[in-house]
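protein06.cif follows; it contains mmCIF, N, CA and C atoms.
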data_model
#
loop_
_atom_site.label_atom_id
_atom_site.label_comp_id
_atom_site.auth_asym_id
_atom_site.auth_seq_id
_atom_site.Cartn_x
_atom_site.Cartn_y
_atom_site.Cartn_z
N MET B 164 62.47 -26.16 41.70
CA MET B 164 61.84 -25.50 40.57
C MET B 164 60.56 -26.24 40.23
N LEU B 165 59.50 -25.52 40.07
CA LEU B 165 58.24 -26.09 39.63
C LEU B 165 58.30 -26.25 38.11
N HIS B 166 58.05 -27.45 37.61
CA HIS B 166 58.12 -27.69 36.17
C HIS B 166 56.80 -27.36 35.48
N HIS B 167 55.68 -27.85 36.01
CA HIS B 167 54.40 -27.57 35.34
C HIS B 167 53.24 -27.58 36.30
N VAL B 168 52.16 -26.99 35.84
CA VAL B 168 50.86 -27.01 36.49
C VAL B 168 49.90 -27.58 35.46
N SER B 169 49.01 -28.46 35.90
CA SER B 169 48.00 -29.02 35.00
C SER B 169 46.65 -28.39 35.30
N LEU B 170 45.95 -28.01 34.25
CA LEU B 170 44.60 -27.45 34.37
C LEU B 170 43.65 -28.25 33.50
N GLU B 171 42.50 -28.57 34.03
CA GLU B 171 41.48 -29.22 33.21
C GLU B 171 40.78 -28.16 32.37
N VAL B 172 40.60 -28.44 31.08
CA VAL B 172 39.98 -27.49 30.16
C VAL B 172 39.03 -28.26 29.24
N GLU B 173 37.82 -27.76 29.11
CA GLU B 173 36.89 -28.38 28.18
C GLU B 173 37.42 -28.18 26.76
N PRO B 174 37.29 -29.19 25.90
CA PRO B 174 37.89 -29.12 24.56
C PRO B 174 37.57 -27.85 23.78
N GLU B 175 36.36 -27.34 23.91
CA GLU B 175 36.00 -26.13 23.15
C GLU B 175 36.69 -24.87 23.67
N HIS B 176 37.32 -24.94 24.83
CA HIS B 176 38.02 -23.78 25.40
C HIS B 176 39.54 -23.85 25.26
N VAL B 177 40.05 -24.94 24.69
CA VAL B 177 41.51 -25.12 24.62
C VAL B 177 42.17 -24.01 23.81
N ASP B 178 41.71 -23.74 22.61
CA ASP B 178 42.39 -22.74 21.75
C ASP B 178 42.40 -21.36 22.39
N ARG B 179 41.29 -20.97 22.99
CA ARG B 179 41.22 -19.64 23.62
C ARG B 179 42.11 -19.59 24.87
N THR B 180 42.21 -20.70 25.58
CA THR B 180 43.09 -20.76 26.75
C THR B 180 44.55 -20.65 26.31
N VAL B 181 44.91 -21.33 25.23
CA VAL B 181 46.26 -21.21 24.69
C VAL B 181 46.52 -19.77 24.27
N GLU B 182 45.54 -19.11 23.70
CA GLU B 182 45.70 -17.70 23.31
C GLU B 182 45.99 -16.84 24.54
N LEU B 183 45.26 -17.05 25.63
CA LEU B 183 45.48 -16.27 26.85
C LEU B 183 46.91 -16.45 27.33
N PHE B 184 47.36 -17.69 27.44
CA PHE B 184 48.73 -17.91 27.91
C PHE B 184 49.75 -17.39 26.91
N GLY B 185 49.44 -17.41 25.63
CA GLY B 185 50.32 -16.84 24.62
C GLY B 185 50.52 -15.34 24.83
N LEU B 186 49.47 -14.66 25.24
CA LEU B 186 49.57 -13.23 25.51
C LEU B 186 50.43 -12.94 26.74
N LEU B 187 50.68 -13.98 27.54
CA LEU B 187 51.55 -13.86 28.71
C LEU B 187 52.94 -14.43 28.45
N GLY B 188 53.25 -14.68 27.18
CA GLY B 188 54.59 -15.11 26.80
C GLY B 188 54.82 -16.60 26.68
N PHE B 189 53.77 -17.40 26.81
CA PHE B 189 53.91 -18.85 26.67
C PHE B 189 53.77 -19.25 25.21
N GLU B 190 54.47 -20.31 24.83
CA GLU B 190 54.38 -20.85 23.47
C GLU B 190 53.95 -22.30 23.54
N ARG B 191 53.16 -22.69 22.57
CA ARG B 191 52.72 -24.08 22.49
C ARG B 191 53.92 -24.98 22.20
N VAL B 192 54.01 -26.10 22.92
CA VAL B 192 55.07 -27.08 22.71
C VAL B 192 54.42 -28.46 22.55
N PRO B 193 55.08 -29.36 21.83
CA PRO B 193 54.48 -30.68 21.62
C PRO B 193 54.46 -31.50 22.90
N ALA B 194 53.37 -32.21 23.07
CA ALA B 194 53.25 -33.18 24.17
C ALA B 194 53.71 -34.54 23.64
N PRO B 195 54.09 -35.45 24.51
CA PRO B 195 54.50 -36.79 24.06
C PRO B 195 53.38 -37.48 23.27
N ASP B 196 53.78 -38.19 22.22
CA ASP B 196 52.81 -38.84 21.33
C ASP B 196 51.72 -39.64 22.04
N PRO B 197 52.05 -40.44 23.06
CA PRO B 197 50.99 -41.27 23.67
C PRO B 197 49.85 -40.47 24.30
N ILE B 198 50.10 -39.21 24.65
CA ILE B 198 49.04 -38.41 25.29
C ILE B 198 48.66 -37.16 24.50
N ALA B 199 49.30 -36.94 23.38
CA ALA B 199 49.12 -35.69 22.62
C ALA B 199 47.67 -35.43 22.22
N ALA B 200 46.87 -36.44 22.03
CA ALA B 200 45.48 -36.24 21.63
C ALA B 200 44.61 -35.74 22.78
N PHE B 201 45.13 -35.82 24.00
CA PHE B 201 44.32 -35.51 25.18
C PHE B 201 44.80 -34.29 25.95
N VAL B 202 45.92 -33.71 25.52
CA VAL B 202 46.49 -32.58 26.24
C VAL B 202 47.05 -31.55 25.28
N THR B 203 47.20 -30.34 25.78
CA THR B 203 47.92 -29.28 25.07
C THR B 203 48.86 -28.66 26.08
N TRP B 204 50.13 -28.49 25.67
CA TRP B 204 51.13 -27.92 26.57
C TRP B 204 51.61 -26.58 26.05
N VAL B 205 51.85 -25.65 26.99
CA VAL B 205 52.49 -24.38 26.68
C VAL B 205 53.67 -24.20 27.62
N ASP B 206 54.68 -23.44 27.18
CA ASP B 206 55.92 -23.31 27.92
C ASP B 206 56.42 -21.87 27.86
N ARG B 207 56.98 -21.42 28.97
CA ARG B 207 57.70 -20.14 28.99
C ARG B 207 58.91 -20.32 29.88
N ASP B 208 60.07 -20.26 29.29
CA ASP B 208 61.33 -20.33 30.03
C ASP B 208 61.43 -21.58 30.90
N GLY B 209 60.95 -22.72 30.41
CA GLY B 209 61.07 -23.97 31.14
C GLY B 209 59.96 -24.27 32.12
N THR B 210 59.02 -23.37 32.28
CA THR B 210 57.85 -23.63 33.11
C THR B 210 56.67 -23.89 32.18
N GLN B 211 55.95 -24.97 32.44
CA GLN B 211 54.86 -25.35 31.54
C GLN B 211 53.50 -25.32 32.22
N ILE B 212 52.49 -25.10 31.40
CA ILE B 212 51.09 -25.27 31.78
C ILE B 212 50.59 -26.41 30.90
N HIS B 213 50.08 -27.46 31.52
CA HIS B 213 49.53 -28.60 30.80
C HIS B 213 48.02 -28.51 30.85
N LEU B 214 47.41 -28.35 29.70
CA LEU B 214 45.95 -28.28 29.61
C LEU B 214 45.44 -29.69 29.33
N ILE B 215 44.66 -30.22 30.24
CA ILE B 215 44.11 -31.56 30.10
C ILE B 215 42.71 -31.41 29.53
N HIS B 216 42.49 -31.94 28.33
CA HIS B 216 41.19 -31.84 27.67
C HIS B 216 40.21 -32.78 28.36
N THR B 217 39.15 -32.23 28.89
CA THR B 217 38.14 -33.05 29.56
C THR B 217 36.77 -32.41 29.39
N PRO B 218 35.76 -33.20 29.03
CA PRO B 218 34.44 -32.61 28.75
C PRO B 218 33.75 -32.04 29.98
N GLU B 219 34.14 -32.47 31.17
CA GLU B 219 33.53 -31.94 32.39
C GLU B 219 34.63 -31.43 33.31
N ALA B 220 35.28 -30.38 32.88
CA ALA B 220 36.42 -29.83 33.62
C ALA B 220 36.00 -29.35 35.00
N THR B 221 36.83 -29.64 35.99
CA THR B 221 36.62 -29.07 37.31
C THR B 221 37.36 -27.75 37.38
N VAL B 222 36.74 -26.78 38.00
CA VAL B 222 37.33 -25.45 38.09
C VAL B 222 37.46 -25.09 39.57
N PRO B 223 38.69 -24.90 40.04
CA PRO B 223 38.85 -24.53 41.45
C PRO B 223 38.24 -23.15 41.72
N GLN B 224 37.64 -23.02 42.88
CA GLN B 224 37.04 -21.73 43.25
C GLN B 224 38.11 -20.70 43.61
N LEU B 225 39.16 -21.15 44.27
CA LEU B 225 40.20 -20.22 44.71
C LEU B 225 41.59 -20.54 44.16
N GLY B 226 41.91 -21.81 43.99
CA GLY B 226 43.22 -22.20 43.49
C GLY B 226 43.44 -21.69 42.08
N HIS B 227 44.70 -21.33 41.76
CA HIS B 227 45.01 -20.75 40.45
C HIS B 227 46.50 -20.76 40.21
N PRO B 228 46.92 -20.81 38.95
CA PRO B 228 48.33 -20.57 38.65
C PRO B 228 48.59 -19.07 38.68
N ALA B 229 49.83 -18.70 38.95
CA ALA B 229 50.23 -17.29 38.92
C ALA B 229 51.43 -17.15 37.99
N VAL B 230 51.40 -16.11 37.18
CA VAL B 230 52.44 -15.88 36.18
C VAL B 230 53.02 -14.48 36.40
N VAL B 231 54.34 -14.40 36.47
CA VAL B 231 54.99 -13.09 36.57
C VAL B 231 55.08 -12.51 35.17
N ALA B 232 54.60 -11.29 35.03
CA ALA B 232 54.64 -10.56 33.76
C ALA B 232 55.41 -9.26 33.99
N PRO B 233 56.72 -9.26 33.71
CA PRO B 233 57.51 -8.04 33.97
C PRO B 233 56.95 -6.81 33.24
N ASP B 234 56.28 -7.04 32.12
CA ASP B 234 55.62 -5.94 31.40
C ASP B 234 54.14 -5.93 31.80
N PHE B 235 53.90 -5.85 33.11
CA PHE B 235 52.57 -6.02 33.69
C PHE B 235 51.49 -5.20 32.98
N GLY B 236 51.68 -3.91 32.89
CA GLY B 236 50.66 -3.05 32.28
C GLY B 236 50.36 -3.44 30.84
N ALA B 237 51.39 -3.70 30.06
CA ALA B 237 51.20 -4.10 28.67
C ALA B 237 50.53 -5.47 28.58
N SER B 238 50.88 -6.37 29.48
CA SER B 238 50.26 -7.71 29.48
C SER B 238 48.77 -7.62 29.76
N VAL B 239 48.41 -6.85 30.77
CA VAL B 239 47.00 -6.69 31.10
C VAL B 239 46.26 -6.05 29.94
N GLU B 240 46.87 -5.06 29.32
CA GLU B 240 46.22 -4.39 28.17
C GLU B 240 46.05 -5.36 27.00
N ARG B 241 47.06 -6.20 26.72
CA ARG B 241 46.94 -7.20 25.64
C ARG B 241 45.78 -8.16 25.92
N LEU B 242 45.66 -8.60 27.15
CA LEU B 242 44.57 -9.50 27.51
C LEU B 242 43.22 -8.83 27.29
N ARG B 243 43.08 -7.61 27.76
CA ARG B 243 41.80 -6.89 27.60
C ARG B 243 41.50 -6.64 26.13
N GLN B 244 42.51 -6.25 25.35
CA GLN B 244 42.30 -6.00 23.92
C GLN B 244 41.86 -7.27 23.19
N ALA B 245 42.29 -8.43 23.68
CA ALA B 245 41.91 -9.70 23.06
C ALA B 245 40.56 -10.20 23.57
N GLY B 246 39.91 -9.42 24.43
CA GLY B 246 38.57 -9.78 24.90
C GLY B 246 38.52 -10.60 26.18
N PHE B 247 39.65 -10.72 26.87
CA PHE B 247 39.65 -11.44 28.14
C PHE B 247 39.27 -10.49 29.27
N GLU B 248 38.50 -10.99 30.21
CA GLU B 248 38.15 -10.19 31.38
C GLU B 248 39.32 -10.24 32.36
N VAL B 249 39.72 -9.07 32.84
CA VAL B 249 40.82 -8.97 33.81
C VAL B 249 40.31 -8.15 34.99
N GLU B 250 40.43 -8.74 36.18
CA GLU B 250 40.00 -8.08 37.41
C GLU B 250 41.22 -7.56 38.14
N GLY B 251 41.16 -6.33 38.59
CA GLY B 251 42.24 -5.79 39.40
C GLY B 251 42.30 -6.50 40.74
N ALA B 252 43.44 -6.47 41.38
CA ALA B 252 43.61 -7.07 42.70
C ALA B 252 44.48 -6.13 43.53
N GLU B 253 44.33 -6.23 44.83
CA GLU B 253 45.13 -5.41 45.74
C GLU B 253 46.61 -5.72 45.57
N GLU B 254 47.42 -4.68 45.60
CA GLU B 254 48.86 -4.88 45.53
C GLU B 254 49.33 -5.66 46.74
N LEU B 255 50.32 -6.51 46.52
CA LEU B 255 51.00 -7.19 47.61
C LEU B 255 52.49 -6.92 47.47
N TRP B 256 53.20 -6.83 48.58
CA TRP B 256 54.63 -6.54 48.61
C TRP B 256 54.99 -5.37 47.70
N GLY B 257 54.03 -4.43 47.54
CA GLY B 257 54.28 -3.22 46.75
C GLY B 257 54.25 -3.42 45.25
N GLU B 258 53.70 -4.55 44.78
CA GLU B 258 53.67 -4.84 43.35
C GLU B 258 52.23 -5.04 42.86
N GLN B 259 51.99 -4.67 41.62
CA GLN B 259 50.66 -4.82 41.03
C GLN B 259 50.34 -6.28 40.75
N ARG B 260 49.03 -6.59 40.82
CA ARG B 260 48.53 -7.92 40.49
C ARG B 260 47.15 -7.76 39.85
N ALA B 261 46.75 -8.79 39.13
CA ALA B 261 45.40 -8.84 38.55
C ALA B 261 45.06 -10.31 38.33
N PHE B 262 43.79 -10.57 38.08
CA PHE B 262 43.35 -11.92 37.76
C PHE B 262 42.66 -11.91 36.40
N ALA B 263 43.16 -12.73 35.49
CA ALA B 263 42.53 -12.90 34.18
C ALA B 263 41.62 -14.12 34.27
N LEU B 264 40.40 -13.98 33.76
CA LEU B 264 39.46 -15.09 33.79
C LEU B 264 39.72 -16.01 32.61
N LEU B 265 39.85 -17.28 32.91
CA LEU B 265 40.09 -18.29 31.88
C LEU B 265 38.79 -18.68 31.20
N PRO B 266 38.83 -19.02 29.93
CA PRO B 266 37.62 -19.52 29.27
C PRO B 266 37.11 -20.76 30.01
N GLY B 267 35.83 -20.83 30.25
CA GLY B 267 35.27 -21.98 30.95
C GLY B 267 35.35 -21.87 32.46
N GLY B 268 35.92 -20.80 32.98
CA GLY B 268 36.03 -20.62 34.42
C GLY B 268 37.47 -20.70 34.88
N GLY B 269 37.66 -20.40 36.11
CA GLY B 269 39.00 -20.39 36.67
C GLY B 269 39.69 -19.07 36.41
N ARG B 270 40.83 -18.91 37.04
CA ARG B 270 41.56 -17.65 36.95
C ARG B 270 43.05 -17.92 36.90
N VAL B 271 43.76 -16.98 36.33
CA VAL B 271 45.23 -16.98 36.39
C VAL B 271 45.64 -15.62 36.95
N GLU B 272 46.48 -15.66 37.97
CA GLU B 272 46.98 -14.41 38.55
C GLU B 272 48.13 -13.90 37.70
N VAL B 273 48.08 -12.63 37.39
CA VAL B 273 49.15 -11.96 36.64
C VAL B 273 49.82 -11.02 37.64
N MET B 274 51.13 -11.21 37.82
CA MET B 274 51.88 -10.47 38.82
C MET B 274 52.97 -9.63 38.16
N ALA B 275 53.15 -8.41 38.65
CA ALA B 275 54.22 -7.57 38.13
C ALA B 275 55.60 -8.07 38.55
N ALA B 276 55.66 -8.72 39.71
CA ALA B 276 56.93 -9.26 40.22
C ALA B 276 56.61 -10.32 41.27
N PRO B 277 57.51 -11.25 41.47
CA PRO B 277 57.29 -12.25 42.52
C PRO B 277 57.51 -11.62 43.90
N PRO B 278 57.02 -12.28 44.93
CA PRO B 278 57.29 -11.76 46.28
C PRO B 278 58.78 -11.87 46.59
N PRO B 279 59.27 -11.03 47.49
CA PRO B 279 60.68 -11.14 47.85
C PRO B 279 60.97 -12.50 48.48
N SER B 280 62.16 -12.98 48.29
CA SER B 280 62.56 -14.27 48.86
C SER B 280 62.60 -14.18 50.37
N ALA B 281 62.22 -15.28 51.01
CA ALA B 281 62.23 -15.32 52.47
C ALA B 281 63.64 -15.60 52.99
N GLY B 282 64.52 -16.09 52.12
CA GLY B 282 65.82 -16.52 52.61
C GLY B 282 66.86 -15.52 52.37
#

As structure tokens, how would this structure be written, given the file I've shared?
Amino acid sequence: MLHHVSLEVEPEHVDRTVELFGLLGFERVPAPDPIAAFVTWVDRDGTQIHLIHTPEATVPQLGHPAVVAPDFGASVERLRQAGFEVEGAEELWGEQRAFALLPGGGRVEVMAAPPPSAG
């Protein structure tokens, strides 16, 4: 099980990034005191996104977290209504996908369902 993914986020983009993940069902959770001033954590069902506050965030060109949104259509609509740019993507394994643009750059893939298990 993957516990968390860490993303670098410029401090001025932290709140809006938390809002985006909130629209995908994540809730803000406290980080440990020794690092709480430098990070913001969000959680959904035991999987976390750790936002690392950094003034010169690096943004991967292709790498991205992916989030399954069983209410795919409603999730995409919530993101668009909140002013986030969402790009459509080709379906894979017969399921819808899209990419939401993160504040400050980067993307998060929104998936209607995970790929079928190989095993």

Next item on the list: Pick out the closest residue to Asp234 (chain B) from this set: B:Phe184, B:Met274, B:Ser280, B:Ala194. Count only N, CA and C atoms.
Entry: B:Met274

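The residue set within 8 Å of Ala229 (chain B), counting all atoms listed in the file and dropping same-chain residues fewer than 4 places from it, reads B:Arg270, B:Val271, B:Glu272, B:Val273, B:Met274.
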
Notebook entry, point to check: Can you find the residues with an atom no farther than 12 Å from (35.7, -27.7, 32.0), counting only C-alpha atoms, and report them as a list in words?
Noted result: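 Those residues, ordered by chain and then number, are Leu170, Glu171, Val172, Glu173, Pro174, Glu175, His176, Val177, Thr180, Leu214, Ile215, His216, Thr217, Pro218, Glu219, Ala220, Thr221, Val222, Pro223, Leu265, Pro266, Gly267, Gly268 and Gly269 of chain B.
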
Note to self: Can you measure atom N of Glu250 (chain B) to atom C of Ser238 (chain B) for me? One decimal in Å is fine.
What the structure shows: 10.6 Å

Margin query: Just the number, please: distance in Å from CA of Glu258 (chain B) to CA of Pro277 (chain B), one decimal.
Written below: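 Atom-to-atom, CA of Glu258 (chain B) and CA of Pro277 (chain B) are spaced 8.3 Å apart.
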
Checklist line | Those in chain B with strand (DSSP E) from DSSP, as a VMD selection string | finding: chain B and resid 167 to 172 190 to 192 202 to 207 210 to 216 229 to 231 249 to 255 258 to 264 270 to 274

Item checked: Among the residues B:Met164, B:Ala261, B:Val181, B:Val202, the one that comes closest to Val231 (chain B) [using only C-alpha atoms] ->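 For Val231 (chain B), the nearest of the given residues is B:Ala261.
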
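Take CA of Phe189 (chain B) and atom C of Arg207 (chain B): the distance between them is 6.1 Å.
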